[in-house]
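Chemist: What follows is my_file-v6.cif, made up of mmCIF, C-alpha atoms and all ligand atoms:
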data_upload
#
loop_
_atom_site.group_PDB
_atom_site.id
_atom_site.type_symbol
_atom_site.label_atom_id
_atom_site.label_comp_id
_atom_site.auth_asym_id
_atom_site.auth_seq_id
_atom_site.Cartn_x
_atom_site.Cartn_y
_atom_site.Cartn_z
ATOM 1 C CA MET A 1 209.645 308.571 160.288
ATOM 2 C CA LYS A 2 210.075 305.197 161.989
ATOM 3 C CA THR A 3 211.783 302.204 160.370
ATOM 4 C CA PHE A 4 212.227 298.467 160.739
ATOM 5 C CA GLN A 5 214.396 295.928 158.940
ATOM 6 C CA PHE A 6 212.504 293.264 157.014
ATOM 7 C CA THR A 7 213.107 290.075 155.053
ATOM 8 C CA LYS A 8 210.713 289.071 152.297
ATOM 9 C CA MET A 9 210.381 285.281 152.087
ATOM 10 C CA HIS A 10 208.062 282.854 150.360
ATOM 11 C CA GLY A 11 206.948 279.250 150.493
ATOM 12 C CA LEU A 12 205.736 278.201 147.032
ATOM 13 C CA GLY A 13 204.856 281.809 146.185
ATOM 14 C CA ASN A 14 202.904 282.453 149.401
ATOM 15 C CA SER A 15 204.949 285.504 150.405
ATOM 16 C CA TYR A 16 205.136 287.462 153.653
ATOM 17 C CA ILE A 17 207.217 290.310 155.027
ATOM 18 C CA TYR A 18 209.135 288.843 157.993
ATOM 19 C CA VAL A 19 210.262 291.028 160.895
ATOM 20 C CA ASN A 20 212.740 289.820 163.522
ATOM 21 C CA MET A 21 211.122 291.027 166.760
ATOM 22 C CA PHE A 22 214.208 289.926 168.721
ATOM 23 C CA GLU A 23 215.760 293.091 167.243
ATOM 24 C CA GLU A 24 212.890 295.369 166.166
ATOM 25 C CA GLN A 25 210.213 297.146 168.185
ATOM 26 C CA ILE A 26 206.842 297.956 166.649
ATOM 27 C CA GLU A 27 203.844 299.185 168.645
ATOM 28 C CA GLU A 28 201.113 296.533 168.960
ATOM 29 C CA SER A 29 198.457 299.053 167.829
ATOM 30 C CA LYS A 30 200.275 299.602 164.482
ATOM 31 C CA LEU A 31 200.631 295.945 163.432
ATOM 32 C CA SER A 32 197.301 295.426 161.692
ATOM 33 C CA HIS A 33 197.608 298.612 159.610
ATOM 34 C CA LEU A 34 201.269 297.856 158.808
ATOM 35 C CA ALA A 35 200.252 294.436 157.470
ATOM 36 C CA ILE A 36 197.905 296.153 155.004
ATOM 37 C CA GLN A 37 200.556 298.726 154.062
ATOM 38 C CA VAL A 38 203.553 296.434 153.528
ATOM 39 C CA SER A 39 201.436 293.968 151.520
ATOM 40 C CA ASN A 40 200.360 296.574 148.965
ATOM 41 C CA VAL A 41 202.164 295.873 145.708
ATOM 42 C CA HIS A 42 201.951 299.535 144.561
ATOM 43 C CA THR A 43 202.659 301.526 147.720
ATOM 44 C CA GLY A 44 204.283 298.883 149.961
ATOM 45 C CA ILE A 45 206.590 295.922 149.393
ATOM 46 C CA GLY A 46 204.007 293.481 148.042
ATOM 47 C CA SER A 47 203.068 290.290 149.903
ATOM 48 C CA ASP A 48 200.231 288.155 151.247
ATOM 49 C CA GLY A 49 200.761 289.662 154.707
ATOM 50 C CA LEU A 50 203.155 290.267 157.579
ATOM 51 C CA ILE A 51 204.848 287.688 159.833
ATOM 52 C CA LEU A 52 206.576 288.509 163.104
ATOM 53 C CA ILE A 53 209.343 286.259 164.438
ATOM 54 C CA CYS A 54 209.053 286.849 168.182
ATOM 55 C CA PRO A 55 210.679 285.706 171.429
ATOM 56 C CA SER A 56 208.649 283.038 173.248
ATOM 57 C CA GLU A 57 208.518 281.629 176.757
ATOM 58 C CA LYS A 58 207.527 278.188 175.433
ATOM 59 C CA ALA A 59 209.870 277.693 172.456
ATOM 60 C CA PRO A 60 212.960 279.271 170.849
ATOM 61 C CA VAL A 61 210.680 281.393 168.599
ATOM 62 C CA LYS A 62 207.042 282.378 168.190
ATOM 63 C CA MET A 63 205.293 283.175 164.884
ATOM 64 C CA ARG A 64 202.547 285.785 164.563
ATOM 65 C CA ILE A 65 200.855 286.090 161.157
ATOM 66 C CA PHE A 66 198.755 288.978 159.792
ATOM 67 C CA ASN A 67 196.835 288.578 156.529
ATOM 68 C CA ASN A 68 196.972 291.374 153.933
ATOM 69 C CA ASP A 69 193.604 292.745 155.144
ATOM 70 C CA GLY A 70 195.177 293.321 158.591
ATOM 71 C CA SER A 71 193.416 290.413 160.354
ATOM 72 C CA GLU A 72 195.558 288.180 162.562
ATOM 73 C CA GLY A 73 195.588 284.466 161.704
ATOM 74 C CA LYS A 74 196.314 281.697 164.177
ATOM 75 C CA ASN A 75 198.515 279.507 161.996
ATOM 76 C CA CYS A 76 200.355 279.538 158.661
ATOM 77 C CA GLY A 77 202.044 276.476 157.175
ATOM 78 C CA ASN A 78 204.155 278.281 154.569
ATOM 79 C CA GLY A 79 205.022 280.892 157.200
ATOM 80 C CA LEU A 80 206.212 278.204 159.631
ATOM 81 C CA ARG A 81 208.668 276.804 157.075
ATOM 82 C CA CYS A 82 210.047 280.306 156.397
ATOM 83 C CA VAL A 83 210.255 281.127 160.130
ATOM 84 C CA ALA A 84 212.185 277.862 160.643
ATOM 85 C CA LYS A 85 214.597 278.767 157.821
ATOM 86 C CA TYR A 86 215.087 282.285 159.193
ATOM 87 C CA ALA A 87 215.580 281.084 162.787
ATOM 88 C CA TYR A 88 218.211 278.503 161.784
ATOM 89 C CA GLU A 89 220.112 280.734 159.336
ATOM 90 C CA HIS A 90 220.137 283.684 161.803
ATOM 91 C CA ASN A 91 221.294 281.570 164.769
ATOM 92 C CA LEU A 92 218.087 282.020 166.779
ATOM 93 C CA VAL A 93 218.341 278.230 167.174
ATOM 94 C CA LYS A 94 221.328 275.865 167.092
ATOM 95 C CA GLU A 95 219.595 272.509 166.536
ATOM 96 C CA ARG A 96 218.025 271.335 163.277
ATOM 97 C CA LYS A 97 214.869 270.260 165.126
ATOM 98 C CA PHE A 98 213.146 272.842 167.323
ATOM 99 C CA MET A 99 209.736 274.040 168.475
ATOM 100 C CA ILE A 100 207.843 277.090 167.176
ATOM 101 C CA GLU A 101 204.992 278.661 169.136
ATOM 102 C CA THR A 102 201.906 279.811 167.207
ATOM 103 C CA LEU A 103 198.609 281.284 168.403
ATOM 104 C CA SER A 104 197.118 277.805 167.970
ATOM 105 C CA GLY A 105 199.828 275.919 169.900
ATOM 106 C CA LEU A 106 203.333 274.489 169.544
ATOM 107 C CA VAL A 107 204.659 272.750 166.422
ATOM 108 C CA GLU A 108 208.000 271.060 165.731
ATOM 109 C CA ALA A 109 210.149 272.123 162.773
ATOM 110 C CA GLU A 110 213.001 270.171 161.184
ATOM 111 C CA VAL A 111 215.210 272.050 158.719
ATOM 112 C CA HIS A 112 216.935 270.234 155.829
ATOM 113 C CA VAL A 113 220.237 271.971 155.176
ATOM 114 C CA LYS A 114 222.776 272.152 152.327
ATOM 115 C CA GLY A 115 225.905 273.970 153.501
ATOM 116 C CA ASN A 116 224.403 276.456 155.936
ATOM 117 C CA ILE A 117 221.342 277.154 153.809
ATOM 118 C CA VAL A 118 217.921 275.685 154.575
ATOM 119 C CA HIS A 119 216.159 274.568 151.388
ATOM 120 C CA ASN A 120 213.364 272.413 152.741
ATOM 121 C CA VAL A 121 211.566 272.190 156.055
ATOM 122 C CA THR A 122 209.340 269.527 157.609
ATOM 123 C CA ILE A 123 206.768 270.741 160.124
ATOM 124 C CA ASP A 124 204.918 268.439 162.491
ATOM 125 C CA MET A 125 201.636 270.331 162.303
ATOM 126 C CA GLY A 126 200.032 268.283 165.086
ATOM 127 C CA TYR A 127 196.517 266.837 165.137
ATOM 128 C CA PRO A 128 193.745 268.095 162.835
ATOM 129 C CA ARG A 129 190.624 269.238 164.694
ATOM 130 C CA LEU A 130 187.359 268.093 163.181
ATOM 131 C CA GLN A 131 184.476 268.913 165.503
ATOM 132 C CA LYS A 132 182.251 271.809 164.441
ATOM 133 C CA LYS A 133 183.064 273.691 167.664
ATOM 134 C CA GLU A 134 186.789 273.351 166.854
ATOM 135 C CA ILE A 135 186.519 274.737 163.288
ATOM 136 C CA PRO A 136 184.578 276.872 164.509
ATOM 137 C CA MET A 137 181.240 276.617 162.668
ATOM 138 C CA LEU A 138 177.566 276.583 163.613
ATOM 139 C CA GLY A 139 175.724 273.286 164.116
ATOM 140 C CA ASN A 140 176.019 270.379 166.569
ATOM 141 C CA PRO A 141 179.294 271.286 168.350
ATOM 142 C CA GLU A 142 180.537 267.689 168.709
ATOM 143 C CA GLU A 143 179.816 266.600 165.109
ATOM 144 C CA TYR A 144 182.272 266.375 162.225
ATOM 145 C CA THR A 145 181.493 267.828 158.774
ATOM 146 C CA ILE A 146 182.507 265.181 156.229
ATOM 147 C CA SER A 147 180.894 265.411 152.803
ATOM 148 C CA GLU A 148 177.975 267.296 154.324
ATOM 149 C CA LYS A 149 175.563 269.213 152.100
ATOM 150 C CA MET A 150 175.747 272.992 152.527
ATOM 151 C CA GLU A 151 174.080 275.663 150.435
ATOM 152 C CA PHE A 152 176.063 278.651 149.166
ATOM 153 C CA ASN A 153 174.731 281.223 146.713
ATOM 154 C CA GLY A 154 171.598 279.124 146.086
ATOM 155 C CA GLN A 155 173.524 275.929 145.211
ATOM 156 C CA LEU A 156 174.158 272.751 147.245
ATOM 157 C CA TYR A 157 177.737 271.505 147.683
ATOM 158 C CA ASP A 158 179.289 268.504 149.505
ATOM 159 C CA VAL A 159 181.853 270.001 151.858
ATOM 160 C CA THR A 160 184.348 268.819 154.475
ATOM 161 C CA THR A 161 185.741 271.089 157.199
ATOM 162 C CA VAL A 162 189.057 270.751 159.039
ATOM 163 C CA SER A 163 190.937 272.980 161.469
ATOM 164 C CA MET A 164 194.734 272.948 161.380
ATOM 165 C CA GLY A 165 194.706 275.585 164.115
ATOM 166 C CA ASN A 166 192.844 277.755 161.562
ATOM 167 C CA PRO A 167 189.579 276.990 159.766
ATOM 168 C CA HIS A 168 189.345 275.312 156.341
ATOM 169 C CA ILE A 169 186.483 274.169 154.119
ATOM 170 C CA ILE A 170 187.179 271.786 151.245
ATOM 171 C CA PHE A 171 185.186 271.496 148.008
ATOM 172 C CA TYR A 172 185.915 268.699 145.512
ATOM 173 C CA VAL A 173 185.887 269.659 141.832
ATOM 174 C CA ARG A 174 186.272 267.663 138.612
ATOM 175 C CA ASN A 175 188.627 270.152 136.951
ATOM 176 C CA ILE A 176 190.867 272.351 139.090
ATOM 177 C CA GLU A 177 191.256 274.912 136.266
ATOM 178 C CA GLU A 178 187.514 275.565 136.399
ATOM 179 C CA ALA A 179 187.224 275.770 140.210
ATOM 180 C CA PRO A 180 185.149 278.831 141.242
ATOM 181 C CA VAL A 181 187.979 280.205 143.415
ATOM 182 C CA THR A 182 187.302 283.926 142.922
ATOM 183 C CA THR A 183 183.506 283.690 142.722
ATOM 184 C CA LEU A 184 182.566 281.169 145.453
ATOM 185 C CA GLY A 185 185.690 281.778 147.564
ATOM 186 C CA PRO A 186 184.797 285.260 148.908
ATOM 187 C CA ILE A 187 181.162 284.252 149.557
ATOM 188 C CA VAL A 188 182.092 281.157 151.581
ATOM 189 C CA GLU A 189 184.936 282.954 153.423
ATOM 190 C CA LYS A 190 182.447 285.334 155.032
ATOM 191 C CA ASP A 191 179.475 282.966 155.429
ATOM 192 C CA GLN A 192 177.807 283.537 158.798
ATOM 193 C CA ARG A 193 177.942 279.828 159.662
ATOM 194 C CA PHE A 194 181.704 280.372 160.161
ATOM 195 C CA PRO A 195 181.861 282.980 162.941
ATOM 196 C CA GLU A 196 185.623 283.519 162.471
ATOM 197 C CA GLY A 197 185.530 283.217 158.656
ATOM 198 C CA VAL A 198 187.087 280.297 156.795
ATOM 199 C CA ASN A 199 189.863 279.498 154.299
ATOM 200 C CA VAL A 200 188.267 278.040 151.156
ATOM 201 C CA GLU A 201 189.974 275.211 149.254
ATOM 202 C CA PHE A 202 189.174 273.483 145.971
ATOM 203 C CA VAL A 203 190.615 270.021 145.344
ATOM 204 C CA GLU A 204 190.753 267.786 142.286
ATOM 205 C CA VAL A 205 191.780 264.227 143.133
ATOM 206 C CA VAL A 206 194.347 262.865 140.649
ATOM 207 C CA ASN A 207 194.834 259.460 142.290
ATOM 208 C CA GLU A 208 195.470 257.968 145.780
ATOM 209 C CA GLN A 209 198.827 259.794 146.067
ATOM 210 C CA GLU A 210 198.179 263.132 144.351
ATOM 211 C CA ILE A 211 195.738 266.018 144.459
ATOM 212 C CA HIS A 212 195.474 269.411 142.746
ATOM 213 C CA PHE A 213 194.694 272.340 145.046
ATOM 214 C CA ARG A 214 193.649 276.003 144.728
ATOM 215 C CA VAL A 215 192.780 278.371 147.534
ATOM 216 C CA TRP A 216 190.895 281.505 148.511
ATOM 217 C CA GLU A 217 192.481 282.474 151.837
ATOM 218 C CA ARG A 218 190.607 284.139 154.646
ATOM 219 C CA GLY A 219 191.956 287.688 154.866
ATOM 220 C CA SER A 220 194.193 287.479 151.797
ATOM 221 C CA GLY A 221 192.114 286.186 148.843
ATOM 222 C CA VAL A 222 193.800 284.107 146.151
ATOM 223 C CA THR A 223 197.329 283.010 147.074
ATOM 224 C CA GLN A 224 199.797 280.736 145.290
ATOM 225 C CA ALA A 225 199.823 278.267 148.171
ATOM 226 C CA CYS A 226 198.458 277.608 151.645
ATOM 227 C CA GLY A 227 200.345 275.143 153.862
ATOM 228 C CA THR A 228 197.644 274.660 156.486
ATOM 229 C CA GLY A 229 195.132 274.392 153.607
ATOM 230 C CA ALA A 230 197.172 271.646 151.925
ATOM 231 C CA CYS A 231 197.258 269.719 155.244
ATOM 232 C CA ALA A 232 193.502 270.199 155.673
ATOM 233 C CA ALA A 233 192.906 269.030 152.077
ATOM 234 C CA VAL A 234 194.864 265.809 152.673
ATOM 235 C CA VAL A 235 192.992 265.135 155.944
ATOM 236 C CA ALA A 236 189.693 265.748 154.090
ATOM 237 C CA SER A 237 190.802 263.474 151.239
ATOM 238 C CA VAL A 238 191.550 260.614 153.665
ATOM 239 C CA LEU A 239 188.186 261.143 155.406
ATOM 240 C CA ASN A 240 186.471 261.007 151.993
ATOM 241 C CA ASN A 241 188.400 257.844 150.957
ATOM 242 C CA HIS A 242 190.259 259.583 148.125
ATOM 243 C CA THR A 243 193.775 259.171 149.582
ATOM 244 C CA LYS A 244 195.407 256.929 152.226
ATOM 245 C CA ARG A 245 196.224 257.665 155.862
ATOM 246 C CA GLY A 246 199.914 257.032 156.712
ATOM 247 C CA LYS A 247 201.048 257.560 153.084
ATOM 248 C CA GLU A 248 202.655 260.641 151.550
ATOM 249 C CA THR A 249 200.332 262.682 149.333
ATOM 250 C CA VAL A 250 201.728 265.156 146.802
ATOM 251 C CA VAL A 251 199.671 268.344 146.787
ATOM 252 C CA HIS A 252 200.063 270.336 143.550
ATOM 253 C CA LEU A 253 199.488 274.018 144.379
ATOM 254 C CA ALA A 254 199.711 277.000 142.009
ATOM 255 C CA GLY A 255 203.215 277.752 143.383
ATOM 256 C CA GLY A 256 204.561 274.165 143.424
ATOM 257 C CA ASP A 257 204.292 270.939 145.423
ATOM 258 C CA LEU A 258 204.003 270.069 149.113
ATOM 259 C CA ILE A 259 204.337 266.580 150.573
ATOM 260 C CA ILE A 260 201.768 265.910 153.286
ATOM 261 C CA ASN A 261 201.390 262.809 155.456
ATOM 262 C CA TRP A 262 198.520 262.314 157.926
ATOM 263 C CA THR A 263 200.261 259.586 159.919
ATOM 264 C CA GLU A 264 198.599 256.647 161.688
ATOM 265 C CA ASP A 265 199.289 258.260 165.082
ATOM 266 C CA GLY A 266 197.126 261.199 164.003
ATOM 267 C CA ARG A 267 199.752 263.903 163.419
ATOM 268 C CA VAL A 268 200.069 265.736 160.096
ATOM 269 C CA PHE A 269 203.548 266.299 158.597
ATOM 270 C CA MET A 270 204.177 268.898 155.898
ATOM 271 C CA THR A 271 207.419 269.095 153.878
ATOM 272 C CA GLY A 272 208.262 271.809 151.358
ATOM 273 C CA PRO A 273 210.582 274.640 150.376
ATOM 274 C CA ALA A 274 211.226 278.018 151.978
ATOM 275 C CA GLU A 275 213.013 280.851 150.169
ATOM 276 C CA THR A 276 214.420 284.299 150.888
ATOM 277 C CA VAL A 277 213.612 287.014 148.324
ATOM 278 C CA CYS A 278 215.264 290.179 149.662
ATOM 279 C CA THR A 279 215.949 292.257 152.763
ATOM 280 C CA GLY A 280 215.478 295.970 153.342
ATOM 281 C CA THR A 281 214.370 298.904 155.491
ATOM 282 C CA TYR A 282 210.677 299.808 155.696
ATOM 283 C CA TYR A 283 209.664 303.412 156.499
ATOM 284 C CA TYR A 284 206.379 304.207 158.254
ATOM 285 C CA GLU A 285 204.668 306.945 160.291
HETATM 286 N N1 LIG B 1 198.938 281.015 153.945
HETATM 287 C C1 LIG B 1 198.821 280.379 155.173
HETATM 288 C C2 LIG B 1 197.620 280.634 156.036
HETATM 289 C C3 LIG B 1 197.536 282.102 156.471
HETATM 290 C C4 LIG B 1 196.425 282.410 157.461
HETATM 291 C C5 LIG B 1 195.034 282.209 156.899
HETATM 292 N N2 LIG B 1 194.733 283.095 155.810
HETATM 293 C C6 LIG B 1 194.013 282.402 158.052
HETATM 294 O O1 LIG B 1 193.531 283.521 158.254
HETATM 295 O O2 LIG B 1 193.705 281.403 158.714
HETATM 296 C C7 LIG B 1 199.323 278.960 155.196
HETATM 297 O O3 LIG B 1 200.308 278.710 154.458
HETATM 298 O O4 LIG B 1 198.865 278.120 155.955
#
Render the structure in this file as structure tokens.
Ligand SMILES: N[C@@H](CCC[C@H](N)C(=O)O)C(=O)O
Modeler:
Amino acid sequence: MKTFQFTKMHGLGNSYIYVNMFEEQIEESKLSHLAIQVSNVHTGIGSDGLILICPSEKAPVKMRIFNNDGSEGKNCGNGLRCVAKYAYEHNLVKERKFMIETLSGLVEAEVHVKGNIVHNVTIDMGYPRLQKKEIPMLGNPEEYTISEKMEFNGQLYDVTTVSMGNPHIIFYVRNIEEAPVTTLGPIVEKDQRFPEGVNVEFVEVVNEQEIHFRVWERGSGVTQACGTGACAAVVASVLNNHTKRGKETVVHLAGGDLIINWTEDGRVFMTGPAETVCTGTYYYE
């Protein structure tokens, strides 16, 4: 039997098993299967996936995220806040502002501390990417998809697509409680027009400062929250004239609220909580 030490953490109920790869060694070929195993609520620990906190040549830490189906994602907003909390509280960094490397580039984290405990984190998520080739999705590679008609399951929808380092598609609904998250979500996630799959978000606009949000995540299904998805939803809402650029928008997710600001200079800032659940030893073959 092999073992590793883990910490279970969550951001608004979007939970991952975090492994400190400064101290642990796990074979690369085992990671995808381990993500499936640890995520299982019956035979594992129970989570939306696995996140590795790794050494980096470009920043104090690097985040790698695996969804609960074993696929590797390129970015994770809730994961970034938890990685920032872990890095600060475990002395992997000394400053309250520091960089984190992801598979989609570098982001800057700022931890908000009470005593020595990080309660909230702001992440500068960088610039949203809007061209079809950047999502990626089929169609004219240079074009944006803003309120464009697309057919899914025999029905036409107005959709907007945004990459926050990972792909998102946003549907507007009148009533968030009735959003077809579990029916349309899995169909859109695997639609062939998105060669790498897509995270599927449903948004009800409350007013210019507030939106409701539910998600079907690529590789994980329904989750309580998606940080990159909330950023993408605010970018989409500005592009569709529902909310204002340069103003804070409160995103109400199933697990709680995030504050997102798509600033005038083009960068997206996300602020929200990060929490530790438990630590332990995981046994595997
Ligand atoms: N929950 C995350 C996103 C995780 C990765 C996503 N499912 C993907 O495959 O792109 C978040 O908080 O952003």
Chemist: Write out as a short mmCIF file (atom, residue, chain, number, x, y, z; two decimals) with C-alpha atoms, in the coordinates of the input each polymer residue whose atoms come within 6 Å of stretch 22-38 of chain A, counting only C-alpha atoms; drop sequence neighbours fewer than 5 positions from it.
Modeler:
data_model
loop_
_atom_site.label_atom_id
_atom_site.label_comp_id
_atom_site.auth_asym_id
_atom_site.auth_seq_id
_atom_site.Cartn_x
_atom_site.Cartn_y
_atom_site.Cartn_z
CA GLY A 44 204.28 298.88 149.96
CA ILE A 45 206.59 295.92 149.39
CA GLY A 49 200.76 289.66 154.71
CA LEU A 50 203.16 290.27 157.58
CA ASN A 68 196.97 291.37 153.93
CA ASP A 69 193.60 292.74 155.14
CA GLY A 70 195.18 293.32 158.59
#
Chemist: Can you build me a table of chain A residues sitting at most 6 Å from ligand LIG 1 (chain B), with the closest atom pair per residue and its distance in Å to one decimal, using all atoms listed in the file, sorted by chain and residue number, as CSV?
Modeler:
residue,atom,partner,partner_atom,distance
A:Asn67,CA,B:LIG1,N2,5.9
A:Gly73,CA,B:LIG1,O1,4.1
A:Asn75,CA,B:LIG1,C4,5.8
A:Cys76,CA,B:LIG1,O4,3.4
A:Gly77,CA,B:LIG1,O4,3.8
A:Asn78,CA,B:LIG1,O3,3.9
A:Gly79,CA,B:LIG1,O3,5.9
A:Asn166,CA,B:LIG1,O2,4.7
A:Glu217,CA,B:LIG1,N2,4.6
A:Arg218,CA,B:LIG1,N2,4.4
A:Gly219,CA,B:LIG1,N2,5.4
A:Ser220,CA,B:LIG1,N2,6.0
A:Cys226,CA,B:LIG1,O3,3.5
A:Gly227,CA,B:LIG1,O3,3.6
A:Thr228,CA,B:LIG1,O4,3.7
A:Gly229,CA,B:LIG1,O4,5.8
Chemist: For atom CA of A:Tyr283 and atom CA of A:Ser15, quote the distance in Å rounded to one decimal.
Modeler: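 Separation between atom CA of A:Tyr283 and atom CA of A:Ser15: 19.5 Å.
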Chemist: Give as a list in words the residues that the PyMOL selection byres (((chain A and resi 173-184) around 7) and not hetatm) matches when applied to the coordinates above.
Modeler: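 What the PyMOL selection byres (((chain A and resi 173-184) around 7) and not hetatm) grabs from the file is Phe171, Tyr172, Gly185, Pro186, Ile187, Val188, Phe202, Val203, Glu204, His212, Val215 and Trp216 of chain A.
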Chemist: List the residues matched by the PyMOL selection byres (((chain A and resi 254) around 8) and not hetatm) in the displayed structure as JSON, numbers by chain, ordered by chain and then by residue number.
Modeler: {"A": [12, 213, 214, 224, 225, 252, 253, 255, 256]}
Chemist: Please determine, counting only C-alpha atoms, which residue among A:Lys94, A:Lys133, A:His112, A:His42 has the shortest atom-to-atom distance to A:Thr271.
Modeler: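 For A:Thr271, the nearest of the candidates is A:His112.
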Chemist: Please compute the atom CA of A:Asn14-atom CA of A:Asn91 distance, one decimal, in Å.
Modeler: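 Interatomic distance here is 24.0 Å.
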Chemist: At a cut-off of 12 Å around the point (222.8, 273.3, 159.3) (file coordinates), what residues fall inside when counting all atoms listed in the file? I'd like the answer as a PyMOL selection string.
Modeler: chain A and resi 84-91+93-97+110-121
Chemist: Would you please work out which residue, of A:Pro195, A:Met21, A:Ala230, A:Ile170, is nearest to A:Tyr157 when using all atoms listed in the file?
Modeler: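 Checking each candidate against A:Tyr157, we get A:Ile170 as the closest.
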Chemist: If we count only C-alpha atoms, what is near A:Asp265 at a cut-off of 10 Å, once residues fewer than 5 positions away on the same chain are taken out, given as a list in words?
Modeler: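 Close residues of A:Asp265: Tyr127, Arg245 and Gly246 of chain A.
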Chemist: Point out the residue among A:Glu208, A:Asp191, A:Glu72, A:Asp257 with the least atom-to-atom distance to A:Glu151, counting all atoms listed in the file.
Modeler: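 Closest to A:Glu151, using all atoms listed in the file: A:Asp191.
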Chemist: Work out how far atom CA of A:Ala232 is from atom CA of A:His10, in Å to one decimal.
Modeler: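 Going from atom CA of A:His10 over to atom CA of A:Ala232 covers 20.0 Å.
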Chemist: Select all residues near (204.6, 269.2, 149.7) (cut-off 7 Å, inclusive, file coordinates), counting only C-alpha atoms, and output them as a PDB file with C-alpha atoms, in the frame of the given file.
Modeler:
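Final file, selection-v4.pdb:
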ATOM      1  CA  VAL A 250     201.728 265.156 146.802  1.00  0.00           C
ATOM      2  CA  VAL A 251     199.671 268.344 146.787  1.00  0.00           C
ATOM      3  CA  ASP A 257     204.292 270.939 145.423  1.00  0.00           C
ATOM      4  CA  LEU A 258     204.003 270.069 149.113  1.00  0.00           C
ATOM      5  CA  ILE A 259     204.337 266.580 150.573  1.00  0.00           C
ATOM      6  CA  ILE A 260     201.768 265.910 153.286  1.00  0.00           C
ATOM      7  CA  MET A 270     204.177 268.898 155.898  1.00  0.00           C
ATOM      8  CA  THR A 271     207.419 269.095 153.878  1.00  0.00           C
ATOM      9  CA  GLY A 272     208.262 271.809 151.358  1.00  0.00           C
TER      10      GLY A 272
END
